[in-house]
$ cat input.cif   # mmCIF, C-alpha atoms
data_run
loop_
_atom_site.group_PDB
_atom_site.id
_atom_site.type_symbol
_atom_site.label_atom_id
_atom_site.label_comp_id
_atom_site.auth_asym_id
_atom_site.auth_seq_id
_atom_site.Cartn_x
_atom_site.Cartn_y
_atom_site.Cartn_z
ATOM 1 C CA MET A 9 13.641 14.519 17.521
ATOM 2 C CA THR A 10 10.940 15.245 14.950
ATOM 3 C CA PRO A 11 11.679 13.449 11.659
ATOM 4 C CA LYS A 12 11.925 15.348 8.388
ATOM 5 C CA ILE A 13 9.938 13.257 5.953
ATOM 6 C CA LEU A 14 9.937 12.894 2.165
ATOM 7 C CA ILE A 15 7.023 11.007 0.597
ATOM 8 C CA ILE A 16 7.699 9.849 -2.970
ATOM 9 C CA GLY A 17 4.432 9.088 -4.764
ATOM 10 C CA ALA A 18 2.404 11.324 -2.456
ATOM 11 C CA CYS A 19 -0.487 11.764 -4.898
ATOM 12 C CA GLY A 20 -1.215 8.039 -5.219
ATOM 13 C CA GLN A 21 -3.899 5.972 -3.511
ATOM 14 C CA ILE A 22 -1.921 5.377 -0.297
ATOM 15 C CA GLY A 23 0.344 8.401 -0.521
ATOM 16 C CA THR A 24 -2.533 10.881 -0.431
ATOM 17 C CA GLU A 25 -3.900 9.763 2.923
ATOM 18 C CA LEU A 26 -0.466 9.009 4.343
ATOM 19 C CA THR A 27 0.657 12.566 3.580
ATOM 20 C CA HIS A 28 -2.357 14.038 5.380
ATOM 21 C CA GLN A 29 -1.763 11.868 8.447
ATOM 22 C CA LEU A 30 1.974 12.547 8.638
ATOM 23 C CA ARG A 31 1.436 16.304 8.266
ATOM 24 C CA GLU A 32 -1.115 16.187 11.074
ATOM 25 C CA LEU A 33 1.241 14.147 13.237
ATOM 26 C CA TYR A 34 4.575 15.902 12.657
ATOM 27 C CA GLY A 35 3.579 19.315 11.294
ATOM 28 C CA THR A 36 3.209 20.483 7.705
ATOM 29 C CA GLU A 37 6.680 22.016 7.701
ATOM 30 C CA ASN A 38 8.275 18.607 8.409
ATOM 31 C CA VAL A 39 6.606 16.620 5.603
ATOM 32 C CA VAL A 40 7.661 17.097 1.970
ATOM 33 C CA ALA A 41 5.234 15.567 -0.523
ATOM 34 C CA SER A 42 6.493 14.702 -4.001
ATOM 35 C CA ASP A 43 5.270 13.082 -7.198
ATOM 36 C CA ILE A 44 6.034 12.863 -10.907
ATOM 37 C CA ARG A 45 3.750 15.800 -11.718
ATOM 38 C CA LYS A 46 2.224 18.763 -9.908
ATOM 39 C CA LEU A 47 -1.543 18.390 -9.746
ATOM 40 C CA ASN A 48 -3.975 20.985 -8.459
ATOM 41 C CA ASN A 49 -5.044 19.039 -5.395
ATOM 42 C CA ASP A 50 -5.014 19.234 -1.616
ATOM 43 C CA ILE A 51 -1.691 17.409 -1.236
ATOM 44 C CA VAL A 52 0.048 19.967 -3.460
ATOM 45 C CA ASN A 53 -1.732 22.987 -2.021
ATOM 46 C CA SER A 54 -1.650 22.196 1.702
ATOM 47 C CA GLY A 55 2.101 21.962 2.291
ATOM 48 C CA ILE A 56 5.573 21.624 0.787
ATOM 49 C CA PHE A 57 5.436 19.868 -2.595
ATOM 50 C CA GLU A 58 8.199 18.966 -5.023
ATOM 51 C CA VAL A 59 8.092 17.425 -8.491
ATOM 52 C CA VAL A 60 10.392 14.396 -8.571
ATOM 53 C CA ASN A 61 10.971 11.444 -10.848
ATOM 54 C CA ALA A 62 11.424 8.369 -8.632
ATOM 55 C CA LEU A 63 13.837 6.990 -11.252
ATOM 56 C CA ASP A 64 16.179 9.987 -10.970
ATOM 57 C CA PHE A 65 18.664 9.452 -8.131
ATOM 58 C CA ASN A 66 20.056 12.979 -8.395
ATOM 59 C CA GLN A 67 16.617 14.565 -7.996
ATOM 60 C CA ILE A 68 15.893 12.515 -4.874
ATOM 61 C CA GLU A 69 19.334 13.197 -3.408
ATOM 62 C CA HIS A 70 18.848 16.934 -4.046
ATOM 63 C CA LEU A 71 15.535 16.955 -2.153
ATOM 64 C CA VAL A 72 17.110 15.054 0.728
ATOM 65 C CA GLU A 73 19.886 17.638 1.011
ATOM 66 C CA VAL A 74 17.736 20.752 0.528
ATOM 67 C CA HIS A 75 15.056 19.692 3.016
ATOM 68 C CA HIS A 76 17.374 17.863 5.474
ATOM 69 C CA ILE A 77 15.317 14.684 5.097
ATOM 70 C CA THR A 78 15.710 11.900 7.681
ATOM 71 C CA ASP A 79 12.897 9.506 6.647
ATOM 72 C CA ILE A 80 11.671 8.479 3.183
ATOM 73 C CA TYR A 81 8.354 6.793 2.450
ATOM 74 C CA LEU A 82 8.701 5.338 -1.059
ATOM 75 C CA MET A 83 5.114 4.922 -2.271
ATOM 76 C CA ALA A 84 5.712 5.232 -6.042
ATOM 77 C CA ALA A 85 4.942 1.983 -7.902
ATOM 78 C CA LEU A 86 3.107 0.479 -10.846
ATOM 79 C CA LEU A 87 0.399 -1.775 -9.391
ATOM 80 C CA SER A 88 -0.573 -5.308 -10.406
ATOM 81 C CA ALA A 89 -3.022 -4.938 -13.293
ATOM 82 C CA THR A 90 -1.269 -1.867 -14.718
ATOM 83 C CA ALA A 91 2.151 -3.506 -14.443
ATOM 84 C CA GLU A 92 1.020 -6.484 -16.549
ATOM 85 C CA LYS A 93 0.411 -4.087 -19.444
ATOM 86 C CA ASN A 94 3.905 -2.564 -19.227
ATOM 87 C CA PRO A 95 6.256 -5.092 -17.601
ATOM 88 C CA ALA A 96 9.587 -3.450 -18.470
ATOM 89 C CA PHE A 97 8.589 -0.051 -17.093
ATOM 90 C CA ALA A 98 6.997 -1.644 -14.008
ATOM 91 C CA TRP A 99 10.230 -3.483 -13.213
ATOM 92 C CA ASP A 100 12.282 -0.328 -13.795
ATOM 93 C CA LEU A 101 10.105 1.884 -11.589
ATOM 94 C CA ASN A 102 9.439 -0.606 -8.810
ATOM 95 C CA MET A 103 13.059 -1.749 -8.478
ATOM 96 C CA ASN A 104 15.289 1.196 -9.302
ATOM 97 C CA SER A 105 13.350 3.672 -7.168
ATOM 98 C CA LEU A 106 13.978 1.314 -4.237
ATOM 99 C CA PHE A 107 17.708 1.073 -4.996
ATOM 100 C CA HIS A 108 17.921 4.863 -5.012
ATOM 101 C CA VAL A 109 16.576 5.255 -1.464
ATOM 102 C CA LEU A 110 18.441 2.198 -0.142
ATOM 103 C CA ASN A 111 21.694 3.655 -1.465
ATOM 104 C CA LEU A 112 20.953 7.043 0.118
ATOM 105 C CA ALA A 113 20.537 5.267 3.464
ATOM 106 C CA LYS A 114 23.669 3.191 2.877
ATOM 107 C CA ALA A 115 25.557 6.466 2.355
ATOM 108 C CA LYS A 116 24.101 7.729 5.680
ATOM 109 C CA LYS A 117 22.241 10.568 3.941
ATOM 110 C CA ILE A 118 18.908 9.426 5.436
ATOM 111 C CA LYS A 119 18.124 7.429 8.583
ATOM 112 C CA LYS A 120 14.995 5.408 7.879
ATOM 113 C CA ILE A 121 12.961 4.027 4.943
ATOM 114 C CA PHE A 122 9.417 2.771 4.584
ATOM 115 C CA TRP A 123 8.858 0.700 1.464
ATOM 116 C CA PRO A 124 5.548 -1.122 0.890
ATOM 117 C CA SER A 125 5.415 -4.730 -0.186
ATOM 118 C CA SER A 126 2.229 -6.607 -1.068
ATOM 119 C CA ILE A 127 0.385 -9.919 -0.914
ATOM 120 C CA ALA A 128 1.379 -10.088 -4.603
ATOM 121 C CA VAL A 129 4.692 -11.635 -3.426
ATOM 122 C CA PHE A 130 2.763 -14.863 -2.943
ATOM 123 C CA GLY A 131 1.821 -17.123 -5.843
ATOM 124 C CA PRO A 132 -0.304 -20.077 -6.910
ATOM 125 C CA THR A 133 1.862 -22.544 -4.931
ATOM 126 C CA THR A 134 1.520 -20.569 -1.677
ATOM 127 C CA PRO A 135 -0.924 -21.960 0.936
ATOM 128 C CA ARG A 136 -4.072 -19.922 0.286
ATOM 129 C CA GLU A 137 -5.693 -19.947 3.714
ATOM 130 C CA ASN A 138 -3.987 -18.244 6.659
ATOM 131 C CA THR A 139 -0.837 -17.713 4.587
ATOM 132 C CA PRO A 140 2.107 -17.744 7.007
ATOM 133 C CA GLN A 141 4.881 -15.168 7.296
ATOM 134 C CA TYR A 142 7.441 -17.635 5.945
ATOM 135 C CA THR A 143 6.180 -19.826 3.131
ATOM 136 C CA ILE A 144 6.556 -20.719 -0.553
ATOM 137 C CA MET A 145 6.716 -17.529 -2.618
ATOM 138 C CA GLU A 146 6.524 -17.955 -6.382
ATOM 139 C CA PRO A 147 4.756 -14.825 -7.676
ATOM 140 C CA SER A 148 3.396 -15.014 -11.209
ATOM 141 C CA THR A 149 2.925 -11.278 -11.859
ATOM 142 C CA VAL A 150 5.430 -8.549 -12.718
ATOM 143 C CA TYR A 151 4.286 -6.602 -9.663
ATOM 144 C CA GLY A 152 4.723 -9.615 -7.385
ATOM 145 C CA ILE A 153 8.138 -10.457 -8.821
ATOM 146 C CA SER A 154 9.350 -6.892 -8.264
ATOM 147 C CA LYS A 155 7.973 -6.794 -4.713
ATOM 148 C CA LEU A 156 9.550 -10.128 -3.761
ATOM 149 C CA SER A 157 12.880 -8.977 -5.214
ATOM 150 C CA GLY A 158 12.517 -5.725 -3.289
ATOM 151 C CA GLU A 159 11.953 -7.597 -0.031
ATOM 152 C CA ARG A 160 15.168 -9.542 -0.507
ATOM 153 C CA TRP A 161 17.120 -6.359 -1.255
ATOM 154 C CA CYS A 162 15.672 -4.623 1.832
ATOM 155 C CA GLU A 163 16.845 -7.455 4.046
ATOM 156 C CA TYR A 164 20.227 -7.512 2.272
ATOM 157 C CA TYR A 165 20.807 -3.785 2.844
ATOM 158 C CA TYR A 166 19.802 -4.162 6.501
ATOM 159 C CA THR A 167 22.076 -7.182 7.051
ATOM 160 C CA HIS A 168 25.116 -5.907 5.165
ATOM 161 C CA PHE A 169 24.920 -2.131 5.553
ATOM 162 C CA GLY A 170 22.707 -1.578 8.615
ATOM 163 C CA VAL A 171 20.028 0.258 6.619
ATOM 164 C CA ASP A 172 16.916 0.825 8.766
ATOM 165 C CA VAL A 173 14.268 -0.187 6.227
ATOM 166 C CA ARG A 174 10.767 -1.286 7.267
ATOM 167 C CA SER A 175 8.017 -2.881 5.226
ATOM 168 C CA VAL A 176 4.578 -4.475 5.340
ATOM 169 C CA ARG A 177 2.804 -6.653 2.800
ATOM 170 C CA TYR A 178 -0.360 -4.679 2.147
ATOM 171 C CA PRO A 179 -3.497 -6.633 1.311
ATOM 172 C CA GLY A 180 -6.110 -5.030 -0.970
ATOM 173 C CA LEU A 181 -6.718 -1.465 0.233
ATOM 174 C CA ILE A 182 -10.074 0.275 0.242
ATOM 175 C CA SER A 183 -10.509 4.045 0.475
ATOM 176 C CA TRP A 184 -13.326 6.525 -0.164
ATOM 177 C CA SER A 185 -11.062 9.542 -0.760
ATOM 178 C CA THR A 186 -8.878 8.358 -3.648
ATOM 179 C CA PRO A 187 -9.817 6.552 -6.876
ATOM 180 C CA PRO A 188 -8.616 3.019 -7.712
ATOM 181 C CA GLY A 189 -4.969 2.860 -8.778
ATOM 182 C CA GLY A 190 -4.837 -0.104 -11.166
ATOM 183 C CA GLY A 191 -4.800 -2.984 -8.709
ATOM 184 C CA THR A 192 -6.549 -6.354 -8.862
ATOM 185 C CA THR A 193 -8.339 -5.678 -5.568
ATOM 186 C CA ASP A 194 -9.724 -2.345 -6.806
ATOM 187 C CA TYR A 195 -13.174 -3.808 -7.451
ATOM 188 C CA ALA A 196 -13.726 -3.419 -3.707
ATOM 189 C CA VAL A 197 -13.324 0.360 -4.084
ATOM 190 C CA ASP A 198 -15.255 0.805 -7.325
ATOM 191 C CA ILE A 199 -18.209 -1.250 -6.125
ATOM 192 C CA TYR A 200 -19.098 1.401 -3.513
ATOM 193 C CA HIS A 201 -18.930 4.235 -6.050
ATOM 194 C CA LYS A 202 -21.138 2.327 -8.511
ATOM 195 C CA ALA A 203 -23.596 1.316 -5.795
ATOM 196 C CA LEU A 204 -24.289 4.981 -5.109
ATOM 197 C CA SER A 205 -24.074 6.341 -8.667
ATOM 198 C CA ASP A 206 -25.652 3.503 -10.712
ATOM 199 C CA GLY A 207 -27.266 1.079 -8.271
ATOM 200 C CA LYS A 208 -25.465 -1.736 -10.075
ATOM 201 C CA TYR A 209 -21.931 -2.980 -10.687
ATOM 202 C CA GLU A 210 -20.233 -5.373 -13.102
ATOM 203 C CA CYS A 211 -17.432 -7.120 -11.234
ATOM 204 C CA PHE A 212 -14.244 -8.176 -13.053
ATOM 205 C CA LEU A 213 -13.741 -11.068 -10.600
ATOM 206 C CA SER A 214 -15.933 -14.114 -10.017
ATOM 207 C CA SER A 215 -18.478 -13.990 -7.221
ATOM 208 C CA GLU A 216 -16.595 -16.280 -4.795
ATOM 209 C CA THR A 217 -13.070 -14.866 -5.203
ATOM 210 C CA LYS A 218 -11.904 -14.386 -1.623
ATOM 211 C CA MET A 219 -8.996 -12.025 -0.989
ATOM 212 C CA PRO A 220 -7.419 -10.262 2.014
ATOM 213 C CA MET A 221 -8.551 -6.657 2.330
ATOM 214 C CA MET A 222 -7.998 -3.682 4.612
ATOM 215 C CA TYR A 223 -9.623 -0.284 5.086
ATOM 216 C CA MET A 224 -7.217 2.532 4.287
ATOM 217 C CA ASP A 225 -7.438 3.987 7.811
ATOM 218 C CA ASP A 226 -5.947 0.754 9.155
ATOM 219 C CA ALA A 227 -3.265 0.620 6.458
ATOM 220 C CA ILE A 228 -2.110 4.161 7.255
ATOM 221 C CA ALA A 229 -2.124 3.377 10.979
ATOM 222 C CA ALA A 230 0.051 0.289 10.389
ATOM 223 C CA THR A 231 2.473 2.258 8.206
ATOM 224 C CA ILE A 232 2.998 4.957 10.806
ATOM 225 C CA GLN A 233 3.092 2.446 13.653
ATOM 226 C CA ILE A 234 5.885 0.334 12.166
ATOM 227 C CA MET A 235 7.931 3.471 11.465
ATOM 228 C CA GLN A 236 7.465 4.728 15.030
ATOM 229 C CA ALA A 237 8.375 1.400 16.639
ATOM 230 C CA PRO A 238 11.812 1.117 18.285
ATOM 231 C CA ALA A 239 14.301 -0.538 15.912
ATOM 232 C CA GLU A 240 14.761 -3.528 18.215
ATOM 233 C CA GLN A 241 11.064 -4.423 17.842
ATOM 234 C CA ILE A 242 11.384 -4.765 14.055
ATOM 235 C CA LYS A 243 12.548 -8.372 13.823
ATOM 236 C CA ILE A 244 11.681 -8.887 10.133
ATOM 237 C CA ARG A 245 13.486 -6.712 7.600
ATOM 238 C CA SER A 246 11.979 -8.162 4.421
ATOM 239 C CA ALA A 247 8.280 -7.367 5.001
ATOM 240 C CA TYR A 248 5.662 -8.216 7.606
ATOM 241 C CA ASN A 249 2.400 -9.941 6.725
ATOM 242 C CA LEU A 250 -0.479 -7.551 7.430
ATOM 243 C CA ALA A 251 -4.160 -8.471 7.657
ATOM 244 C CA ALA A 252 -7.578 -7.213 8.696
ATOM 245 C CA MET A 253 -10.391 -9.072 6.851
ATOM 246 C CA SER A 254 -11.059 -11.376 3.916
ATOM 247 C CA PHE A 255 -14.231 -11.426 1.827
ATOM 248 C CA THR A 256 -15.687 -12.254 -1.594
ATOM 249 C CA PRO A 257 -17.537 -9.965 -4.037
ATOM 250 C CA THR A 258 -20.750 -11.728 -2.963
ATOM 251 C CA GLU A 259 -20.115 -10.837 0.670
ATOM 252 C CA ILE A 260 -19.283 -7.181 0.041
ATOM 253 C CA ALA A 261 -22.368 -6.866 -2.191
ATOM 254 C CA ALA A 262 -24.564 -8.333 0.563
ATOM 255 C CA GLU A 263 -23.152 -5.831 3.058
ATOM 256 C CA ILE A 264 -23.861 -2.923 0.684
ATOM 257 C CA GLN A 265 -27.412 -4.220 0.146
ATOM 258 C CA LYS A 266 -28.070 -3.729 3.868
ATOM 259 C CA HIS A 267 -27.770 -0.001 3.118
ATOM 260 C CA ILE A 268 -28.924 0.029 -0.546
ATOM 261 C CA PRO A 269 -31.440 -2.846 -0.880
ATOM 262 C CA ASP A 270 -31.887 -2.517 -4.677
ATOM 263 C CA PHE A 271 -28.162 -2.735 -5.442
ATOM 264 C CA ARG A 272 -27.326 -5.461 -7.998
ATOM 265 C CA VAL A 273 -24.014 -7.042 -9.051
ATOM 266 C CA SER A 274 -23.173 -8.986 -12.213
ATOM 267 C CA TYR A 275 -19.935 -10.844 -12.884
ATOM 268 C CA GLN A 276 -17.683 -10.702 -15.932
ATOM 269 C CA PRO A 277 -14.229 -12.000 -14.936
ATOM 270 C CA ASP A 278 -11.311 -10.666 -17.009
ATOM 271 C CA PHE A 279 -7.505 -11.080 -16.963
ATOM 272 C CA ARG A 280 -7.421 -9.923 -13.339
ATOM 273 C CA GLN A 281 -9.148 -13.150 -12.286
ATOM 274 C CA VAL A 282 -5.951 -15.118 -12.997
ATOM 275 C CA ILE A 283 -3.992 -12.685 -10.831
ATOM 276 C CA ALA A 284 -6.515 -12.931 -7.987
ATOM 277 C CA ASP A 285 -6.494 -16.726 -8.134
ATOM 278 C CA SER A 286 -2.723 -16.706 -7.567
ATOM 279 C CA TRP A 287 -3.020 -14.727 -4.321
ATOM 280 C CA PRO A 288 -3.923 -15.808 -0.773
ATOM 281 C CA ALA A 289 -7.486 -15.867 0.516
ATOM 282 C CA SER A 290 -6.446 -14.967 4.073
ATOM 283 C CA ILE A 291 -3.240 -13.931 5.836
ATOM 284 C CA ASP A 292 -1.580 -14.825 9.154
ATOM 285 C CA ASP A 293 -0.100 -11.593 10.514
ATOM 286 C CA SER A 294 0.667 -12.827 14.022
ATOM 287 C CA ARG A 295 4.319 -11.719 13.789
ATOM 288 C CA ALA A 296 3.330 -8.060 13.236
ATOM 289 C CA ARG A 297 0.869 -8.274 16.124
ATOM 290 C CA ALA A 298 3.513 -9.777 18.414
ATOM 291 C CA ASP A 299 6.551 -7.692 17.411
ATOM 292 C CA TRP A 300 5.112 -4.165 17.199
ATOM 293 C CA ASN A 301 1.593 -4.582 18.576
ATOM 294 C CA TRP A 302 -0.293 -4.238 15.273
ATOM 295 C CA HIS A 303 -4.104 -4.463 15.444
ATOM 296 C CA HIS A 304 -6.840 -3.437 13.011
ATOM 297 C CA GLU A 305 -9.993 -1.451 13.777
ATOM 298 C CA PHE A 306 -12.314 -2.003 10.787
ATOM 299 C CA ASN A 307 -14.259 -5.084 9.661
ATOM 300 C CA LEU A 308 -16.477 -5.451 6.574
ATOM 301 C CA ALA A 309 -19.586 -4.043 8.289
ATOM 302 C CA SER A 310 -17.923 -0.978 9.853
ATOM 303 C CA MET A 311 -15.911 -0.290 6.687
ATOM 304 C CA THR A 312 -19.033 -0.414 4.480
ATOM 305 C CA GLU A 313 -20.903 1.975 6.760
ATOM 306 C CA ASN A 314 -17.954 4.384 6.779
ATOM 307 C CA MET A 315 -17.379 4.162 3.007
ATOM 308 C CA LEU A 316 -20.989 4.898 2.081
ATOM 309 C CA LYS A 317 -21.304 7.717 4.618
ATOM 310 C CA ASN A 318 -18.184 9.502 3.328
ATOM 311 C CA LEU A 319 -18.934 8.946 -0.366
ATOM 312 C CA ARG A 320 -22.406 10.444 0.129
ATOM 313 C CA LEU A 321 -20.882 13.465 1.881
ATOM 314 C CA TYR A 322 -18.035 14.193 -0.514
ATOM 315 C CA GLU A 323 -19.130 13.028 -3.994
#
$ encode --input "input.cif" --output "structure tokens"
Amino acid sequence: MTPKILIIGACGQIGTELTHQLRELYGTENVVASDIRKLNNDIVNSGIFEVVNALDFNQIEHLVEVHHITDIYLMAALLSATAEKNPAFAWDLNMNSLFHVLNLAKAKKIKKIFWPSSIAVFGPTTPRENTPQYTIMEPSTVYGISKLSGERWCEYYYTHFGVDVRSVRYPGLISWSTPPGGGTTDYAVDIYHKALSDGKYECFLSSETKMPMMYMDDAIAATIQIMQAPAEQIKIRSAYNLAAMSFTPTEIAAEIQKHIPDFRVSYQPDFRQVIADSWPASIDDSRARADWNWHHEFNLASMTENMLKNLRLYE
């Protein structure tokens, strides 16, 4: 049976591309996009769109009933750097929006939930290299604290109420089609834009800060893949580690210079450096690869080529 899907936060960095892919896969009539405001963009204009406040349970419940929703993708969140500037609101949005959809599933009003976690659940005491699925988790950011709490609630609702909730811990995500969304890893998006527009970039992280990253195409593929997998293959109901590549600002700059030889990068670390230093440098995602056959397609070289080609075409 074709799912009827509601995407909350459809106009965000991940939500935009996820909405396009799900509409292509299941048909425009089966995918309801929603966000806090109605923008004049392709997501709004190319299919069903509803204005919804992720903090308003009644609004979400109404959409579920009106559109006969079976699956919810909850993509609304305040990301790491933005959340540090407004901790109380970040906690409210990131946690209570999750409770709303978990409780709808508990009440059997929807069948399945996708909720994204993040490498922000890890902290300065976590092993930095090849971070395992199960390890010390002492996040030091508001975003990380809310995501770790969310993971525990997801598993709780699965264990106690049978809620079919699925999650992955996204690394830093890189996309040509949507602007940065306030995350610590966003330098790896902005650097491509600045390389083409200015020929130079001032990085807010130090030159050797290594972090796990993933091209958006792979992140969307993983999201859809875990939701399509048979329930018995989903052995972890908190969140799966997810990985593709790890690199430093120096390494991404060198890759860009293969295409734009005169490109130059300077470094001026700010408050986001402390956040980055608390996160892993690389991730072990062997459980996702074993349980539901996850694999990535893009590495640093192929991603850079694809990013620059698309930015030249569409900017």
$ resolve_selection --input "input.cif" --expression "the PyMOL selection byres ((chain A and resi 232) around 12)" --output "PyMOL selection string"
chain A and resi 13+25-34+79+81+121-124+174-176+225-231+233-237+300+302
$ closest_atom_pairs --input "input.cif" --of "segment 233-311 of chain A" --to "segment 177-200 of chain A" --cutoff "10 Å" --atoms "all atoms listed in the file" --output "JSON lines"
{"residue": "A:Ser246", "atom": "CA", "partner": "A:Arg177", "partner_atom": "CA", "distance": 9.4}
{"residue": "A:Ala247", "atom": "CA", "partner": "A:Arg177", "partner_atom": "CA", "distance": 5.9}
{"residue": "A:Tyr248", "atom": "CA", "partner": "A:Arg177", "partner_atom": "CA", "distance": 5.8}
{"residue": "A:Asn249", "atom": "CA", "partner": "A:Arg177", "partner_atom": "CA", "distance": 5.1}
{"residue": "A:Leu250", "atom": "CA", "partner": "A:Arg177", "partner_atom": "CA", "distance": 5.7}
{"residue": "A:Ala251", "atom": "CA", "partner": "A:Pro179", "partner_atom": "CA", "distance": 6.6}
{"residue": "A:Ala252", "atom": "CA", "partner": "A:Pro179", "partner_atom": "CA", "distance": 8.5}
{"residue": "A:Met253", "atom": "CA", "partner": "A:Pro179", "partner_atom": "CA", "distance": 9.2}
{"residue": "A:Ser254", "atom": "CA", "partner": "A:Pro179", "partner_atom": "CA", "distance": 9.3}
{"residue": "A:Phe255", "atom": "CA", "partner": "A:Ala196", "partner_atom": "CA", "distance": 9.7}
{"residue": "A:Thr256", "atom": "CA", "partner": "A:Ala196", "partner_atom": "CA", "distance": 9.3}
{"residue": "A:Pro257", "atom": "CA", "partner": "A:Ala196", "partner_atom": "CA", "distance": 7.6}
{"residue": "A:Ile260", "atom": "CA", "partner": "A:Ala196", "partner_atom": "CA", "distance": 7.7}
{"residue": "A:Ala261", "atom": "CA", "partner": "A:Ile199", "partner_atom": "CA", "distance": 8.0}
{"residue": "A:Ile264", "atom": "CA", "partner": "A:Tyr200", "partner_atom": "CA", "distance": 7.7}
{"residue": "A:Val273", "atom": "CA", "partner": "A:Ile199", "partner_atom": "CA", "distance": 8.7}
{"residue": "A:Phe279", "atom": "CA", "partner": "A:Thr192", "partner_atom": "CA", "distance": 9.4}
{"residue": "A:Arg280", "atom": "CA", "partner": "A:Thr192", "partner_atom": "CA", "distance": 5.8}
{"residue": "A:Gln281", "atom": "CA", "partner": "A:Thr192", "partner_atom": "CA", "distance": 8.0}
{"residue": "A:Val282", "atom": "CA", "partner": "A:Thr192", "partner_atom": "CA", "distance": 9.7}
{"residue": "A:Ile283", "atom": "CA", "partner": "A:Thr192", "partner_atom": "CA", "distance": 7.1}
{"residue": "A:Ala284", "atom": "CA", "partner": "A:Thr192", "partner_atom": "CA", "distance": 6.6}
{"residue": "A:Trp287", "atom": "CA", "partner": "A:Pro179", "partner_atom": "CA", "distance": 9.9}
{"residue": "A:Pro288", "atom": "CA", "partner": "A:Pro179", "partner_atom": "CA", "distance": 9.4}
{"residue": "A:Ser290", "atom": "CA", "partner": "A:Pro179", "partner_atom": "CA", "distance": 9.3}
{"residue": "A:Ile291", "atom": "CA", "partner": "A:Pro179", "partner_atom": "CA", "distance": 8.6}
{"residue": "A:Asp293", "atom": "CA", "partner": "A:Arg177", "partner_atom": "CA", "distance": 9.6}
{"residue": "A:Met311", "atom": "CA", "partner": "A:Ile182", "partner_atom": "CA", "distance": 8.7}
$ residues_around --input "input.cif" --residues "Asp64 of chain A" --least-positions-apart "2" --cutoff "12 Å" --atoms "only C-alpha atoms" --output "JSON, numbers by chain"
{"A": [16, 43, 44, 59, 60, 61, 62, 66, 67, 68, 69, 70, 71, 100, 101, 104, 105, 106, 107, 108, 109]}
$ residues_around --input "input.cif" --residues "segment 167-172 of chain A" --least-positions-apart "2" --cutoff "7 Å" --atoms "only C-alpha atoms" --output "PyMOL selection string"
chain A and resi 113-114+119-121+163-165+174
$ write_last_selection --input "input.cif" --atoms "C-alpha atoms" --output "mmCIF file, in the coordinates of the input"
data_model
loop_
_atom_site.group_PDB
_atom_site.id
_atom_site.type_symbol
_atom_site.label_atom_id
_atom_site.label_comp_id
_atom_site.auth_asym_id
_atom_site.auth_seq_id
_atom_site.Cartn_x
_atom_site.Cartn_y
_atom_site.Cartn_z
ATOM 1 C CA ALA A 113 20.537 5.267 3.464
ATOM 2 C CA LYS A 114 23.669 3.191 2.877
ATOM 3 C CA LYS A 119 18.124 7.429 8.583
ATOM 4 C CA LYS A 120 14.995 5.408 7.879
ATOM 5 C CA ILE A 121 12.961 4.027 4.943
ATOM 6 C CA GLU A 163 16.845 -7.455 4.046
ATOM 7 C CA TYR A 164 20.227 -7.512 2.272
ATOM 8 C CA TYR A 165 20.807 -3.785 2.844
ATOM 9 C CA ARG A 174 10.767 -1.286 7.267
#
$ residues_near_point --input "input.cif" --point "(7.9, -9.5, -8.5)" --cutoff "10 Å" --atoms "only C-alpha atoms" --output "short mmCIF file (atom, residue, chain, number, x, y, z; two decimals) with C-alpha atoms, keeping the file's coordinate frame"
data_model
loop_
_atom_site.label_atom_id
_atom_site.label_comp_id
_atom_site.auth_asym_id
_atom_site.auth_seq_id
_atom_site.Cartn_x
_atom_site.Cartn_y
_atom_site.Cartn_z
CA SER A 88 -0.57 -5.31 -10.41
CA ALA A 98 7.00 -1.64 -14.01
CA TRP A 99 10.23 -3.48 -13.21
CA ASN A 102 9.44 -0.61 -8.81
CA MET A 103 13.06 -1.75 -8.48
CA SER A 125 5.42 -4.73 -0.19
CA SER A 126 2.23 -6.61 -1.07
CA ALA A 128 1.38 -10.09 -4.60
CA VAL A 129 4.69 -11.64 -3.43
CA PHE A 130 2.76 -14.86 -2.94
CA GLU A 146 6.52 -17.95 -6.38
CA PRO A 147 4.76 -14.82 -7.68
CA SER A 148 3.40 -15.01 -11.21
CA THR A 149 2.92 -11.28 -11.86
CA VAL A 150 5.43 -8.55 -12.72
CA TYR A 151 4.29 -6.60 -9.66
CA GLY A 152 4.72 -9.62 -7.38
CA ILE A 153 8.14 -10.46 -8.82
CA SER A 154 9.35 -6.89 -8.26
CA LYS A 155 7.97 -6.79 -4.71
CA LEU A 156 9.55 -10.13 -3.76
CA SER A 157 12.88 -8.98 -5.21
CA GLY A 158 12.52 -5.72 -3.29
CA GLU A 159 11.95 -7.60 -0.03
#
$ atom_distance --input "input.cif" --atom1 "atom CA of Asn38 of chain A" --atom2 "atom CA of Ala85 of chain A"
23.5 Å
$ atom_distance --input "input.cif" --atom1 "atom CA of Thr78 of chain A" --atom2 "atom CA of Gly35 of chain A"
14.7 Å
$ atom_distance --input "input.cif" --atom1 "atom CA of Ile242 of chain A" --atom2 "atom CA of Met221 of chain A"
23.2 Å
$ closest_residue --input "input.cif" --among "A:Met224, A:Glu92, A:Met145, A:Glu313" --to "Pro132 of chain A" --atoms "only C-alpha atoms"
A:Met145
$ resolve_selection --input "input.cif" --expression "the PyMOL selection byres ((chain A and resi 205) around 12)" --output "MDAnalysis selection string"
chainID A and resid 198:204 206:209 268 271 316 319:320 323
$ residues_around --input "input.cif" --residues "Ile144 of chain A" --least-positions-apart "2" --cutoff "8 Å" --atoms "all atoms listed in the file" --output "PDB file with C-alpha atoms, in the coordinates of the input"
ATOM      1  CA  PHE A 130       2.763 -14.863  -2.943  1.00  0.00           C
ATOM      2  CA  GLY A 131       1.821 -17.123  -5.843  1.00  0.00           C
ATOM      3  CA  THR A 133       1.862 -22.544  -4.931  1.00  0.00           C
ATOM      4  CA  THR A 134       1.520 -20.569  -1.677  1.00  0.00           C
ATOM      5  CA  PRO A 135      -0.924 -21.960   0.936  1.00  0.00           C
ATOM      6  CA  TYR A 142       7.441 -17.635   5.945  1.00  0.00           C
ATOM      7  CA  GLU A 146       6.524 -17.955  -6.382  1.00  0.00           C
TER       8      GLU A 146
END
